>>> print(open('query08.pdb').read())   # PDB, C-alpha atoms and all ligand atoms
MODEL        1
ATOM      1  CA  MET A   1      72.316  56.354-118.275
ATOM      2  CA  LEU A   2      75.912  57.559-117.938
ATOM      3  CA  SER A   3      78.420  54.759-117.907
ATOM      4  CA  ILE A   4      82.133  55.330-117.339
ATOM      5  CA  LYS A   5      84.700  52.575-117.765
ATOM      6  CA  GLY A   6      88.423  52.672-117.088
ATOM      7  CA  LEU A   7      88.809  56.413-117.591
ATOM      8  CA  GLN A   8      92.397  57.687-117.531
ATOM      9  CA  LYS A   9      93.831  61.180-117.810
ATOM     10  CA  ARG A  10      97.316  62.583-117.259
ATOM     11  CA  PHE A  11      98.490  66.170-117.356
ATOM     12  CA  GLY A  12     102.178  65.626-118.067
ATOM     13  CA  GLY A  13     103.472  63.669-115.074
ATOM     14  CA  LEU A  14     100.311  64.251-113.065
ATOM     15  CA  HIS A  15      97.919  61.285-113.140
ATOM     16  CA  VAL A  16      94.589  62.991-112.391
ATOM     17  CA  THR A  17      92.081  60.315-113.434
ATOM     18  CA  ARG A  18      93.099  56.774-112.510
ATOM     19  CA  ASP A  19      90.998  53.966-113.910
ATOM     20  CA  VAL A  20      87.673  55.514-112.921
ATOM     21  CA  SER A  21      84.548  53.426-113.557
ATOM     22  CA  PHE A  22      80.972  54.011-112.410
ATOM     23  CA  ASP A  23      77.380  54.149-113.607
ATOM     24  CA  VAL A  24      74.689  56.716-113.011
ATOM     25  CA  PRO A  25      71.207  55.280-113.552
ATOM     26  CA  GLU A  26      68.471  57.315-115.207
ATOM     27  CA  GLY A  27      66.552  59.507-112.758
ATOM     28  CA  ALA A  28      69.283  59.373-110.111
ATOM     29  CA  CYS A  29      70.777  62.167-108.131
ATOM     30  CA  PHE A  30      74.354  60.953-107.838
ATOM     31  CA  GLY A  31      76.940  62.725-105.680
ATOM     32  CA  ILE A  32      80.678  63.067-106.205
ATOM     33  CA  ILE A  33      82.796  64.299-103.319
ATOM     34  CA  GLY A  34      86.527  64.388-102.631
ATOM     35  CA  PRO A  35      89.244  66.657-101.272
ATOM     36  CA  ASN A  36      90.419  69.669-103.286
ATOM     37  CA  GLY A  37      92.604  68.604-106.190
ATOM     38  CA  ALA A  38      91.144  65.069-106.208
ATOM     39  CA  GLY A  39      90.307  65.450-109.908
ATOM     40  CA  LYS A  40      86.533  65.992-109.722
ATOM     41  CA  THR A  41      86.363  68.895-112.159
ATOM     42  CA  THR A  42      88.765  67.161-114.536
ATOM     43  CA  LEU A  43      86.486  64.110-114.466
ATOM     44  CA  PHE A  44      83.494  66.303-115.352
ATOM     45  CA  ASN A  45      85.363  68.000-118.136
ATOM     46  CA  GLN A  46      85.884  64.610-119.743
ATOM     47  CA  PHE A  47      82.157  63.678-119.721
ATOM     48  CA  ALA A  48      81.208  67.108-120.971
ATOM     49  CA  GLY A  49      83.653  67.072-123.894
ATOM     50  CA  ALA A  50      85.912  69.867-122.646
ATOM     51  CA  ILE A  51      88.917  67.537-122.152
ATOM     52  CA  LYS A  52      89.739  64.368-124.057
ATOM     53  CA  PRO A  53      90.459  61.346-121.865
ATOM     54  CA  ASP A  54      93.658  59.383-122.573
ATOM     55  CA  ALA A  55      91.824  56.076-122.309
ATOM     56  CA  GLY A  56      88.511  54.616-121.231
ATOM     57  CA  GLU A  57      84.891  54.651-122.336
ATOM     58  CA  ILE A  58      82.147  57.182-121.741
ATOM     59  CA  SER A  59      78.684  56.221-122.847
ATOM     60  CA  PHE A  60      75.539  58.247-122.461
ATOM     61  CA  GLU A  61      72.188  56.535-122.995
ATOM     62  CA  GLY A  62      73.977  53.577-124.509
ATOM     63  CA  ARG A  63      75.947  55.599-127.065
ATOM     64  CA  ASN A  64      79.623  56.342-127.007
ATOM     65  CA  ILE A  65      80.269  60.068-126.469
ATOM     66  CA  HIS A  66      84.027  59.765-126.000
ATOM     67  CA  GLY A  67      85.722  62.547-127.952
ATOM     68  CA  LEU A  68      82.543  64.240-129.227
ATOM     69  CA  PRO A  69      82.561  68.050-129.324
ATOM     70  CA  ILE A  70      80.762  69.969-126.549
ATOM     71  CA  HIS A  71      77.796  71.145-128.650
ATOM     72  CA  GLU A  72      77.174  67.590-129.879
ATOM     73  CA  ILE A  73      77.173  66.300-126.283
ATOM     74  CA  ALA A  74      74.761  69.096-125.290
ATOM     75  CA  LYS A  75      72.459  68.138-128.188
ATOM     76  CA  ARG A  76      72.366  64.588-126.874
ATOM     77  CA  GLY A  77      71.085  65.895-123.572
ATOM     78  CA  LEU A  78      74.111  66.169-121.297
ATOM     79  CA  ALA A  79      74.638  69.668-119.851
ATOM     80  CA  ARG A  80      77.008  71.029-117.236
ATOM     81  CA  THR A  81      77.607  74.040-115.040
ATOM     82  CA  PHE A  82      81.068  75.489-114.450
ATOM     83  CA  GLN A  83      82.806  75.637-111.076
ATOM     84  CA  ILE A  84      83.999  79.094-112.015
ATOM     85  CA  ALA A  85      81.010  80.798-113.607
ATOM     86  CA  THR A  86      81.707  81.322-117.289
ATOM     87  CA  GLY A  87      79.258  82.076-120.075
ATOM     88  CA  PHE A  88      79.183  85.723-121.133
ATOM     89  CA  PRO A  89      79.441  87.893-118.005
ATOM     90  CA  GLU A  90      78.896  91.168-119.866
ATOM     91  CA  LEU A  91      75.622  89.920-121.370
ATOM     92  CA  THR A  92      72.368  89.942-119.416
ATOM     93  CA  VAL A  93      70.984  86.965-117.527
ATOM     94  CA  GLU A  94      68.255  86.528-120.134
ATOM     95  CA  GLU A  95      70.733  86.716-123.019
ATOM     96  CA  ASN A  96      72.918  84.050-121.423
ATOM     97  CA  ILE A  97      69.955  81.743-120.886
ATOM     98  CA  THR A  98      68.805  82.364-124.468
ATOM     99  CA  ILE A  99      72.210  81.196-125.710
ATOM    100  CA  GLY A 100      71.636  77.950-123.762
ATOM    101  CA  ALA A 101      68.166  77.606-125.303
ATOM    102  CA  LEU A 102      69.609  77.952-128.835
ATOM    103  CA  VAL A 103      70.875  74.355-128.457
ATOM    104  CA  ARG A 104      67.209  73.262-128.851
ATOM    105  CA  HIS A 105      65.572  76.085-130.799
ATOM    106  CA  ARG A 106      66.470  77.229-134.282
ATOM    107  CA  SER A 107      64.894  80.649-134.096
ATOM    108  CA  HIS A 108      66.068  83.331-131.720
ATOM    109  CA  LEU A 109      62.437  84.154-130.913
ATOM    110  CA  GLN A 110      61.684  80.604-129.800
ATOM    111  CA  ALA A 111      64.895  80.475-127.808
ATOM    112  CA  ARG A 112      63.940  83.699-126.021
ATOM    113  CA  SER A 113      60.544  82.413-125.146
ATOM    114  CA  ALA A 114      62.045  79.169-123.788
ATOM    115  CA  ALA A 115      64.605  81.228-121.851
ATOM    116  CA  ARG A 116      61.831  83.277-120.216
ATOM    117  CA  LYS A 117      60.240  80.099-118.881
ATOM    118  CA  VAL A 118      63.553  79.045-117.344
ATOM    119  CA  LEU A 119      63.965  82.552-115.863
ATOM    120  CA  GLU A 120      60.605  82.219-114.104
ATOM    121  CA  LYS A 121      61.285  78.706-112.956
ATOM    122  CA  LEU A 122      64.620  79.617-111.348
ATOM    123  CA  GLN A 123      63.208  82.826-109.889
ATOM    124  CA  LEU A 124      65.572  84.966-111.894
ATOM    125  CA  ALA A 125      62.954  87.091-113.680
ATOM    126  CA  GLU A 126      63.723  90.141-111.558
ATOM    127  CA  VAL A 127      67.370  90.158-112.618
ATOM    128  CA  GLY A 128      66.749  89.048-116.224
ATOM    129  CA  SER A 129      67.953  92.314-117.721
ATOM    130  CA  MET A 130      71.060  92.646-115.534
ATOM    131  CA  PRO A 131      74.540  91.804-116.810
ATOM    132  CA  VAL A 132      75.636  88.558-115.162
ATOM    133  CA  GLN A 133      78.871  90.139-113.914
ATOM    134  CA  GLN A 134      76.880  92.480-111.641
ATOM    135  CA  LEU A 135      75.182  89.674-109.730
ATOM    136  CA  PRO A 136      76.248  88.291-106.350
ATOM    137  CA  VAL A 137      77.881  84.872-106.406
ATOM    138  CA  GLN A 138      74.817  82.821-105.469
ATOM    139  CA  MET A 139      72.807  84.401-108.289
ATOM    140  CA  LYS A 140      75.631  83.680-110.739
ATOM    141  CA  LYS A 141      75.487  80.020-109.718
ATOM    142  CA  ARG A 142      71.745  80.033-110.265
ATOM    143  CA  VAL A 143      72.259  81.562-113.717
ATOM    144  CA  GLY A 144      74.774  78.789-114.460
ATOM    145  CA  VAL A 145      72.117  76.200-113.652
ATOM    146  CA  ALA A 146      69.563  78.154-115.719
ATOM    147  CA  VAL A 147      71.812  78.238-118.800
ATOM    148  CA  ALA A 148      72.438  74.489-118.512
ATOM    149  CA  LEU A 149      68.725  73.816-117.972
ATOM    150  CA  ALA A 150      67.809  75.914-121.008
ATOM    151  CA  THR A 151      69.569  73.319-123.165
ATOM    152  CA  GLU A 152      66.778  70.943-121.993
ATOM    153  CA  PRO A 153      69.154  68.279-120.725
ATOM    154  CA  ARG A 154      68.286  64.703-119.813
ATOM    155  CA  MET A 155      71.209  64.841-117.422
ATOM    156  CA  LEU A 156      72.736  67.817-115.643
ATOM    157  CA  LEU A 157      76.297  67.937-114.281
ATOM    158  CA  LEU A 158      76.683  70.412-111.410
ATOM    159  CA  ASP A 159      80.127  71.498-110.223
ATOM    160  CA  GLU A 160      80.095  72.985-106.703
ATOM    161  CA  VAL A 161      77.016  75.132-107.198
ATOM    162  CA  MET A 162      76.602  75.512-103.418
ATOM    163  CA  ALA A 163      80.024  77.074-102.786
ATOM    164  CA  GLY A 164      79.785  80.458-101.075
ATOM    165  CA  LEU A 165      76.097  80.102-100.166
ATOM    166  CA  ASN A 166      74.725  80.549 -96.652
ATOM    167  CA  PRO A 167      72.671  77.700 -95.091
ATOM    168  CA  SER A 168      69.286  79.118 -96.093
ATOM    169  CA  GLU A 169      70.497  79.664 -99.671
ATOM    170  CA  VAL A 170      71.794  76.083 -99.695
ATOM    171  CA  GLY A 171      68.369  74.889 -98.522
ATOM    172  CA  ALA A 172      66.617  76.810-101.305
ATOM    173  CA  PHE A 173      69.078  75.502-103.907
ATOM    174  CA  VAL A 174      68.591  71.918-102.705
ATOM    175  CA  ASP A 175      64.800  72.340-103.068
ATOM    176  CA  LEU A 176      65.254  73.694-106.582
ATOM    177  CA  LEU A 177      67.499  70.789-107.602
ATOM    178  CA  GLN A 178      65.027  68.314-106.093
ATOM    179  CA  THR A 179      62.287  69.827-108.238
ATOM    180  CA  ILE A 180      64.446  69.616-111.363
ATOM    181  CA  ASN A 181      65.287  65.987-110.537
ATOM    182  CA  SER A 182      61.629  65.123-109.897
ATOM    183  CA  GLU A 183      60.804  66.486-113.342
ATOM    184  CA  GLY A 184      62.973  63.804-114.891
ATOM    185  CA  VAL A 185      66.451  65.340-115.130
ATOM    186  CA  THR A 186      69.160  62.999-113.855
ATOM    187  CA  LEU A 187      71.671  64.890-111.699
ATOM    188  CA  LEU A 188      75.386  64.354-111.209
ATOM    189  CA  PHE A 189      76.376  66.565-108.359
ATOM    190  CA  ILE A 190      79.956  67.485-107.372
ATOM    191  CA  GLU A 191      79.762  69.171-104.017
ATOM    192  CA  HIS A 192      81.752  70.039-100.916
ATOM    193  CA  ASN A 193      78.641  70.739 -98.905
ATOM    194  CA  ILE A 194      78.002  67.395 -97.215
ATOM    195  CA  ARG A 195      74.583  68.458 -95.925
ATOM    196  CA  ALA A 196      73.472  69.146 -99.476
ATOM    197  CA  ILE A 197      74.880  65.754-100.586
ATOM    198  CA  ARG A 198      73.023  64.020 -97.740
ATOM    199  CA  ARG A 199      69.736  65.668 -98.616
ATOM    200  CA  LEU A 200      69.946  65.224-102.369
ATOM    201  CA  CYS A 201      71.956  62.122-103.209
ATOM    202  CA  PRO A 202      71.023  58.553-102.204
ATOM    203  CA  ASN A 203      74.350  57.372-103.682
ATOM    204  CA  THR A 204      77.741  59.028-103.648
ATOM    205  CA  LEU A 205      81.193  58.399-105.078
ATOM    206  CA  VAL A 206      84.359  59.570-103.349
ATOM    207  CA  LEU A 207      87.295  60.518-105.542
ATOM    208  CA  ALA A 208      90.752  60.821-103.958
ATOM    209  CA  LEU A 209      93.991  61.357-105.893
ATOM    210  CA  GLY A 210      92.120  60.596-109.104
ATOM    211  CA  SER A 211      90.846  57.168-107.993
ATOM    212  CA  VAL A 212      87.474  55.930-106.799
ATOM    213  CA  LEU A 213      87.962  55.525-103.045
ATOM    214  CA  ALA A 214      84.393  54.478-102.263
ATOM    215  CA  VAL A 215      81.014  54.370-103.945
ATOM    216  CA  GLY A 216      77.580  53.381-102.676
ATOM    217  CA  PRO A 217      74.798  54.581-100.371
ATOM    218  CA  THR A 218      75.748  58.057 -99.152
ATOM    219  CA  GLU A 219      75.660  57.318 -95.409
ATOM    220  CA  ASP A 220      77.825  54.193 -95.831
ATOM    221  CA  VAL A 221      80.339  56.130 -97.881
ATOM    222  CA  LEU A 222      80.501  58.994 -95.376
ATOM    223  CA  ASN A 223      81.134  56.538 -92.536
ATOM    224  CA  ASN A 224      83.823  54.636 -94.436
ATOM    225  CA  PRO A 225      87.118  54.907 -92.454
ATOM    226  CA  ASP A 226      89.177  55.338 -95.665
ATOM    227  CA  VAL A 227      86.992  58.274 -96.655
ATOM    228  CA  ILE A 228      87.332  59.890 -93.234
ATOM    229  CA  THR A 229      91.131  59.511 -93.458
ATOM    230  CA  ALA A 230      91.206  61.001 -96.975
ATOM    231  CA  TYR A 231      89.357  64.083 -95.727
ATOM    232  CA  LEU A 232      91.190  64.555 -92.467
ATOM    233  CA  GLY A 233      94.634  63.571 -93.743
ATOM    234  CA  LYS A 234      96.830  60.892 -92.263
ATOM    235  CA  GLY A 235      98.330  60.873 -88.756
TER     236      GLY A 235
HETATM  237  N1  LIG A 301      94.646  71.802-117.486
HETATM  238  C1  LIG A 301      95.413  71.325-116.502
HETATM  239  N2  LIG A 301      96.747  71.148-116.667
HETATM  240  C2  LIG A 301      97.527  70.648-115.681
HETATM  241  N3  LIG A 301      97.066  70.264-114.483
HETATM  242  C3  LIG A 301      95.751  70.413-114.245
HETATM  243  C4  LIG A 301      94.847  70.954-115.227
HETATM  244  N4  LIG A 301      93.599  70.961-114.706
HETATM  245  C5  LIG A 301      93.712  70.484-113.457
HETATM  246  N5  LIG A 301      94.982  70.145-113.173
HETATM  247  C6  LIG A 301      95.461  69.526-111.933
HETATM  248  O1  LIG A 301      94.743  68.299-111.783
HETATM  249  C7  LIG A 301      94.451  68.054-110.409
HETATM  250  C8  LIG A 301      92.967  67.865-110.228
HETATM  251  O2  LIG A 301      92.302  69.105-110.410
HETATM  252  P1  LIG A 301      90.716  69.264-110.382
HETATM  253  O3  LIG A 301      90.107  68.309-111.333
HETATM  254  O4  LIG A 301      90.406  70.707-110.589
HETATM  255  O5  LIG A 301      90.370  68.814-108.892
HETATM  256  P2  LIG A 301      89.059  69.085-108.005
HETATM  257  O6  LIG A 301      87.973  69.583-108.903
HETATM  258  O7  LIG A 301      88.752  67.744-107.384
HETATM  259  O8  LIG A 301      89.450  70.067-106.950
HETATM  260  C9  LIG A 301      95.017  69.231-109.632
HETATM  261  O9  LIG A 301      96.283  68.840-109.137
HETATM  262  C10 LIG A 301      95.145  70.310-110.672
HETATM  263  O10 LIG A 301      96.178  71.208-110.338
HETATM  264 MG    MG A 302      86.827  71.265-108.879
ENDMDL
END
>>> encode(input="query08.pdb", output="C-alpha cells", more="lines below")
Ligand SMILES: Nc1ncnc2c1ncn2[C@@H]1O[C@H](COP(=O)(O)OP(=O)(O)O)[C@@H](O)[C@H]1O
Ligand SMILES: [Mg+2]
Amino acid sequence: MLSIKGLQKRFGGLHVTRDVSFDVPEGACFGIIGPNGAGKTTLFNQFAGAIKPDAGEISFEGRNIHGLPIHEIAKRGLARTFQIATGFPELTVEENITIGALVRHRSHLQARSAARKVLEKLQLAEVGSMPVQQLPVQMKKRVGVAVALATEPRMLLLDEVMAGLNPSEVGAFVDLLQTINSEGVTLLFIEHNIRAIRRLCPNTLVLALGSVLAVGPTEDVLNNPDVITAYLGKG
C-alpha cells in the first residue's frame, strides 16, 4: 500500500534519511522504532508531504505521491498525527475535528456531523466543546488521532501517540487503535513504547542514524543483537 524506495534526506551536513526502503501492505499495523534522533519523524514528514525528500520514491496505492502537497496527500487517504500536538489549540475539540472532516465534506454542516461521529467513537464527546489547549496530554493525543481519522484515511501515520500515558491509558489506546485497524485503516506506528509495539504490530522496522537497521517480525527484530546495541549504546 505504501512503498518507499531509496529515500534520502539531508539537513545541511546532517544525513537524516539514508537510503530507506520498505513496504507496508494494506491492512497492516506496521511499527517503526529507533533511538531519539534516529530520523523517524523526518521520515514521516516525507510521506506526509511536510518535507520534500532529496531522492527516492514514495508511492501510495500504486501512485507516486513524492512532492505532492499535504492536502492532496490527505485527499488520497494518507493522514498523520503530530508528535507535538498541533492543529488549532485555541479552537474546541469539535472544531478541530470538523476541520479534519472538511477534507471529505464540502459543506460545513456535513463536516460537523461527521466530526460528531468521530467524537463519539474516540470517547471525546464530553470534552467536545473545550479548547484543545485546556486538555491533558493524553486527551490531546486522542484529539490528534480524531482529527486524522476525520479525514477518513485509508492509512494513518501515528507519531508517538503513547508518550506520556500511564499503562492503563496505553492499554486503552492500543484497544482503540486495534479497532481502527480492524475497520480497515492501515496503521504506520512510530512508538517508543515497546509493549504497545508488541501488542499492535506483527512487523516492525528499526531506524538508527537514518538507516534501516532491521525489519521483520517484531519479536525477531527486538531480539536482534544489532538492535539491542543501538538502543543500549556501544561498550
Ligand atoms: N528541520 C530540521 N533541520 C535540521 N535538522 C533537523 C530538522 N528536523 C530534524 N532535524 C534533525 O534530524 C535528526 C532526526 O530527527 P527526527 O526525525 O526528529 O528524529 P526522531 O523522530 O527519530 O527522534 C535529528 O538530529 C534532528 O536534530
Ligand atoms: Mg520523532
>>> closest_residue(input="query08.pdb", among="A:Pro202, A:Gly210, A:Gly27, A:Pro131", to="ligand LIG 301 (chain A)", atoms="only C-alpha atoms and all ligand atoms")
A:Gly210
>>> residues_around(input="query08.pdb", residues="Arg18 in chain A", least_positions_apart="2", cutoff="7 Å", atoms="only C-alpha atoms", output="ChimeraX atom specification")
/A:7-9,15-16,20,210-211
>>> resolve_selection(input="query08.pdb", expression="the PyMOL selection byres (((chain A and resi 81) around 7) and not hetatm)", output="list in words")
Arg80, Phe82, Gln83, Gly144, Val145, Ala148, Leu157, Leu158 and Asp159 of chain A
>>> residues_near_ligand(input="query08.pdb", ligand="ligand MG 302 (chain A)", cutoff="12 Å", atoms="all atoms listed in the file", output="number ranges by chain")
A: 16, 32-45, 81-84, 158-161, 163, 189-192, 207, 210
>>> resolve_selection(input="query08.pdb", expression="the PyMOL selection byres (((chain A and resi 74) around 9) and not hetatm)", output="JSON, numbers by chain")
{"A": [48, 69, 70, 71, 72, 73, 75, 76, 77, 78, 79, 80, 103, 148, 151, 152, 153]}
>>> closest_residue(input="query08.pdb", among="A:Gly171, A:Gly184, A:Gly164, A:Gly6", to="Cys29 in chain A", atoms="all atoms listed in the file")
A:Gly184
>>> closest_residue(input="query08.pdb", among="A:Glu94, A:Ala150, A:Thr229, A:Pro167", to="Gly128 in chain A", atoms="all atoms listed in the file")
A:Glu94
>>> resolve_selection(input="query08.pdb", expression="the PyMOL selection byres (((chain A and resi 118) around 8) and not hetatm)", output="MDAnalysis selection string")
chainID A and resid 97 114:117 119:122 146 149:150
